[in-house]
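J.: What follows is a structure written as structure tokens; I'll ask about it next.
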Amino acid sequence: MTDVTVNYDADAMIAEAKRQTGFDDFGELPYREGRDVLIETFDRHVKEPEGRKRCHDRLGMLRATRLKCENACTTIPGIAEQEIKAPIFVTGLPRSGTSALLNLLVSAPDNRGLLQWEVQFPDPWPDSKPGQQDPRYPYLVKALEQTRNSEFAKIHYIDADTPEECVLLHAYAFDGVQLGFEIMLEPYRSWLLQRDLEPLYAYQKKQMQMLNWRNPGKQWMLKAPAHMWGIDAILKVFPDARFIWCHRDPQLVVPSINSMNKVVMGMYAGDLSHLDAAEVGQAVMEWYAMSLEQGLAQRAKLPAELFVDCSQREFVDAPMAVVEKVYSAFKLPLSAESRAAMQAHVDANPKGKHGKHEYNLAEFGLTRDMIEKRFAFYTSDKRWPISD
């Protein structure tokens with residue numbers, strides 16, 4: 001039974017964010033529609049009292065942080081002057097090596113990723129100067145250390161300085177894929193599928209300018225499977241962007257991302273056993289099949305030199321060869337210092353270092369035949385290196 005003590009009152013939540021921060025300007029990008037759809041989605045599907053409170057508190061955190069970010073962007077002149085030149089976006093199906101590849105690339109000193117602590121605290125600490133350590137940073141380090149043995153850590157290891165998906169910044173616009181499980185639930189799923197993504201990437205650029213002011217970077221490298229939806233929008237906002245596309249057999253991707261989705265759902269929403277596991281499993285498969293269809297269709301209209309392809313197996317077998325392919329294709333200078341830093345990262349991070357992630361396809365109401373049929377458009381296309 002729904003816990004009525006956790007009240008998703010939008011006006012009350014806005015008033016609390018304003019009271020908490022002392023600010024009242026949410027910026028130009030509309031957010032109320034996305035906020036209301038998220039509230040409806042949580043209110044409809046999240047029944048467990050603790051889960052409802054976690055989702056409620058997260059919405060409050062997003063509002064308060066957005067207010068602080070907008071205040072920073074309007075009061076710190078140097079933010080708007082920041083240039084984000086020729087960013088590289090890593091994308092492709094989830095669980096295809098996107099995180100591992102980005103982690104490796106960002107270990108080089110010239111490359112700048114969006115770090116986990118920046119996702120949590122994108123707003124500059126009051127009166128701080130560029131390059132200063134955020135006083136919230138050490139507290140996050142300690143908090144993440146307490147999650148080391150969690151099931152989530154086996155799936156997606158993070159610490160405060162791990163590069164994270166840049167689309168997590170979209171959450172502060174109450175838009176985008178959020179934490180990844182919201183897009184499997186209605187009405188948020190249908191609402192997001194109808195969105196124009198250009199304003200969302202314009203918001204991301206504004207956030208990146210703020211982060212670049214705090215900690216300047218030379219070559220921004222970003223990643224998210226969700227970028228497959230937004231290739232066109234990205235190029236409108238970042239005309240000089242380039243893309244690395246990771247590939248893997250969907251037979252391995254679909255059960256893995258379903259398992260991750262289940263864990264994240266449990267972390268935030270709590271007990272969702274009232275949902276039909278097979279319906280959720282098929283929704284996950286369909287979302288990523290549609291993502292891939294959309295991304296490949298947009299890519300087909302663009303110059304081939306904007307993209308570099310690599311398979312998950314290729315990366316596992318020869319990670320530095322993949323690095324050299326990327327640097328060569330995009331004409332990036334590969335210094336001895338960067339090469340050494342990336343090789344050291346490879347040596348320190350063997351596959352399976354953080355534990356083995358196990359999953360069972362049947363628990364998600366799926367079969368190999370279902371996956372084969374849905375992704376035939378991809379697996380039958382010999383251009384894409386998907387073999388494992």
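In the structure tokens, chains take the letters A, B, ... in the order shown, each chain's residues start at 1, and ligands count up from 1 in the order shown.
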Pull the helix (DSSP H, G or I) assignments for stretch 149-385 of chain A out of DSSP run on the backbone, and list those residues as a ChimeraX atom specification.
T.: /A:151-155,166-173,182-184,188-193,198-214,225-237,250-269,277-299,304-306,312-317,319-329,336-348,361-364,368-374,376-379
J.: According to DSSP computed on the backbone, where in stretch 138-316 of chain A is there strand (DSSP E or B)? Give the residues as a list in words.
T.: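 Matching residues for strand (DSSP E or B) in stretch 138-316 of chain A are Pro163, Gln219, Trp220, Met221, Leu222, Lys223, Arg242, Phe243, Ile244, Trp245, Cys246, His247, Phe307, Val308, Asp309, Cys310 and Ser311 of chain A.
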J.: Find the spatial neighbours of A:Gln219, counting only C-alpha atoms, within a cut-off of 10 Å - ignore same-chain residues fewer than 5 positions away - and output them as number ranges by chain.
T.: A: 84-88, 106, 109-113, 332
J.: Can I get the selection written as a short mmCIF file (atom, residue, chain, number, x, y, z; two decimals), in the first residue's frame, with C-alpha atoms?
T.:
data_model
loop_
_atom_site.label_atom_id
_atom_site.label_comp_id
_atom_site.auth_asym_id
_atom_site.auth_seq_id
_atom_site.Cartn_x
_atom_site.Cartn_y
_atom_site.Cartn_z
CA ILE A 84 34.57 23.36 -24.73
CA LYS A 85 36.56 22.38 -27.81
CA ALA A 86 36.03 19.23 -29.89
CA PRO A 87 34.68 16.97 -27.12
CA ILE A 88 34.75 13.21 -27.66
CA VAL A 106 40.79 9.84 -18.82
CA PRO A 109 46.78 13.89 -17.96
CA ASP A 110 45.55 15.84 -20.99
CA ASN A 111 42.10 14.25 -20.99
CA ARG A 112 39.22 15.61 -18.90
CA GLY A 113 36.27 13.49 -17.84
CA LEU A 332 45.33 13.64 -31.07
#
J.: Pull the closest atom pair for each residue of stretch 43-136 of chain A that gets at most 9 Å from stretch 306-316 of chain A, along with the distance in Å to one decimal, counting only C-alpha atoms, ordering rows by chain and then ascending residue number, as JSON lines.
T.:
{"residue": "A:Arg95", "atom": "CA", "partner": "A:Gln312", "partner_atom": "CA", "distance": 8.5}
{"residue": "A:Ser96", "atom": "CA", "partner": "A:Gln312", "partner_atom": "CA", "distance": 5.3}
{"residue": "A:Gly97", "atom": "CA", "partner": "A:Gln312", "partner_atom": "CA", "distance": 5.3}
{"residue": "A:Thr98", "atom": "CA", "partner": "A:Gln312", "partner_atom": "CA", "distance": 8.4}
{"residue": "A:Ala100", "atom": "CA", "partner": "A:Phe315", "partner_atom": "CA", "distance": 8.7}
{"residue": "A:Leu101", "atom": "CA", "partner": "A:Phe315", "partner_atom": "CA", "distance": 7.5}
J.: Write the residues you've just listed into a file as a compact mmCIF listing (two decimals), in the first residue's frame, and include C-alpha atoms for each of them.
T.:
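Saved as selection26.txt:
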# COMPACT_ATOMS: atom_id res chain seq x y z
CA ARG A 95 27.91 -3.10 -20.94
CA SER A 96 29.97 -2.89 -24.14
CA GLY A 97 33.10 -1.44 -22.56
CA THR A 98 32.14 2.24 -22.62
CA ALA A 100 36.29 0.83 -19.09
CA LEU A 101 37.41 2.66 -22.23
J.: Determine, for each residue of stretch 146-217 of chain A having at least one atom at most 8 Å from an atom of stretch 116-130 of chain A, the closest pair of atoms and their separation in Å to one decimal, counting only C-alpha atoms; order by chain and ascending number, as JSON lines.
T.:
{"residue": "A:Ile158", "atom": "CA", "partner": "A:Gln116", "partner_atom": "CA", "distance": 7.4}
{"residue": "A:Asp159", "atom": "CA", "partner": "A:Gln116", "partner_atom": "CA", "distance": 6.8}
{"residue": "A:Ala160", "atom": "CA", "partner": "A:Trp117", "partner_atom": "CA", "distance": 4.9}
{"residue": "A:Asp161", "atom": "CA", "partner": "A:Gln116", "partner_atom": "CA", "distance": 5.8}
{"residue": "A:Thr162", "atom": "CA", "partner": "A:Gln116", "partner_atom": "CA", "distance": 5.5}
{"residue": "A:Pro163", "atom": "CA", "partner": "A:Gln116", "partner_atom": "CA", "distance": 6.0}
{"residue": "A:Glu164", "atom": "CA", "partner": "A:Gln116", "partner_atom": "CA", "distance": 5.4}
{"residue": "A:Cys166", "atom": "CA", "partner": "A:Val119", "partner_atom": "CA", "distance": 7.8}
{"residue": "A:Leu168", "atom": "CA", "partner": "A:Val119", "partner_atom": "CA", "distance": 6.7}
{"residue": "A:Leu169", "atom": "CA", "partner": "A:Val119", "partner_atom": "CA", "distance": 6.5}
{"residue": "A:Gln207", "atom": "CA", "partner": "A:Pro122", "partner_atom": "CA", "distance": 7.5}
{"residue": "A:Met210", "atom": "CA", "partner": "A:Asp123", "partner_atom": "CA", "distance": 7.8}
{"residue": "A:Leu211", "atom": "CA", "partner": "A:Pro122", "partner_atom": "CA", "distance": 6.7}
{"residue": "A:Trp213", "atom": "CA", "partner": "A:Pro130", "partner_atom": "CA", "distance": 6.2}
{"residue": "A:Arg214", "atom": "CA", "partner": "A:Pro130", "partner_atom": "CA", "distance": 4.3}
{"residue": "A:Asn215", "atom": "CA", "partner": "A:Pro130", "partner_atom": "CA", "distance": 5.9}
{"residue": "A:Pro216", "atom": "CA", "partner": "A:Pro130", "partner_atom": "CA", "distance": 7.9}
J.: Store the residues picked out above in a file with C-alpha atoms, as a PDB file, in the first residue's frame.
T.:
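The resulting file, out_29.pdb, is reproduced below:
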ATOM      1  CA  ILE A 158      32.944   3.871  -8.802  1.00  0.00           C
ATOM      2  CA  ASP A 159      34.963   6.079  -6.541  1.00  0.00           C
ATOM      3  CA  ALA A 160      34.977   9.848  -6.175  1.00  0.00           C
ATOM      4  CA  ASP A 161      37.409  10.295  -9.081  1.00  0.00           C
ATOM      5  CA  THR A 162      35.891   7.762 -11.486  1.00  0.00           C
ATOM      6  CA  PRO A 163      34.669   9.260 -14.786  1.00  0.00           C
ATOM      7  CA  GLU A 164      30.887   9.054 -14.839  1.00  0.00           C
ATOM      8  CA  CYS A 166      27.696  12.910 -18.417  1.00  0.00           C
ATOM      9  CA  LEU A 168      23.660  12.352 -15.170  1.00  0.00           C
ATOM     10  CA  LEU A 169      23.960  16.135 -15.469  1.00  0.00           C
ATOM     11  CA  GLN A 207      27.180  22.666 -16.816  1.00  0.00           C
ATOM     12  CA  MET A 210      30.893  25.635 -14.982  1.00  0.00           C
ATOM     13  CA  LEU A 211      32.905  22.486 -14.274  1.00  0.00           C
ATOM     14  CA  TRP A 213      35.899  26.882 -14.712  1.00  0.00           C
ATOM     15  CA  ARG A 214      36.316  24.930 -11.471  1.00  0.00           C
ATOM     16  CA  ASN A 215      38.874  22.457 -12.856  1.00  0.00           C
ATOM     17  CA  PRO A 216      40.088  23.291 -16.364  1.00  0.00           C
TER      18      PRO A 216
END
J.: So what do you get for atom CA of A:Leu235 versus atom CA of A:Arg195, distance-wise?
T.: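 Separation between atom CA of A:Leu235 and atom CA of A:Arg195: 16.6 Å.
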J.: Excluding A:Ala64 and residues on its chain fewer than 4 positions from it, collect all residues at most 9 Å away from it, counting only C-alpha atoms, and give them as a ChimeraX atom specification.
T.: /A:14,16-18,20-21,23,59-60,68-69
J.: Looking at only C-alpha atoms, which of A:Glu40, A:Glu305, A:Asp240, A:Glu363 is the one that sits closest to A:Glu182?
T.: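 Once distances to A:Glu182 are computed over only C-alpha atoms, the minimum belongs to A:Glu40.
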J.: Could you give me, as a Markdown table, a per-residue list for stretch 54-81 of chain A showing, wherever an atom lies at most 10 Å from an atom of stretch 248-269 of chain A, the closest pair of atoms and their distance in Å to one decimal, using only C-alpha atoms and sorting by chain then residue number from low to high?
T.:
| residue | atom | partner | partner_atom | distance |
| --- | --- | --- | --- | --- |
| A:Arg54 | CA | A:Tyr268 | CA | 6.0 |
| A:Cys55 | CA | A:Tyr268 | CA | 6.4 |
| A:His56 | CA | A:Ala269 | CA | 10.0 |
| A:Arg58 | CA | A:Tyr268 | CA | 9.0 |
J.: Deliver the residues from the most recent selection as a file, using C-alpha atoms, as a JSON list (two decimals), in the first residue's frame.
T.:
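Saved the output as part-v7.json:
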[["chain", "number", "residue", "atom", "x", "y", "z"],
["A", 54, "ARG", "CA", 14.65, 8.18, -1.35],
["A", 55, "CYS", "CA", 13.00, 9.21, -4.63],
["A", 56, "HIS", "CA", 11.40, 12.22, -2.93],
["A", 58, "ARG", "CA", 16.52, 12.88, -4.71]]
J.: Nearest to A:Gln194: which of A:Leu140, A:Met208, A:Trp229, A:Ala171 is it, counting only C-alpha atoms?
T.: A:Trp229
J.: Between A:Ala226, A:Ala143, A:Val46, A:Leu104, which residue has the minimum interatomic distance to A:Asp347, considering only C-alpha atoms?
T.: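 With only C-alpha atoms as the atom set, the closest residue is A:Leu104.
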J.: In Å to one decimal, how far is atom CA of A:Leu102 from atom CA of A:Val323?
T.: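 Interatomic distance here is 10.1 Å.
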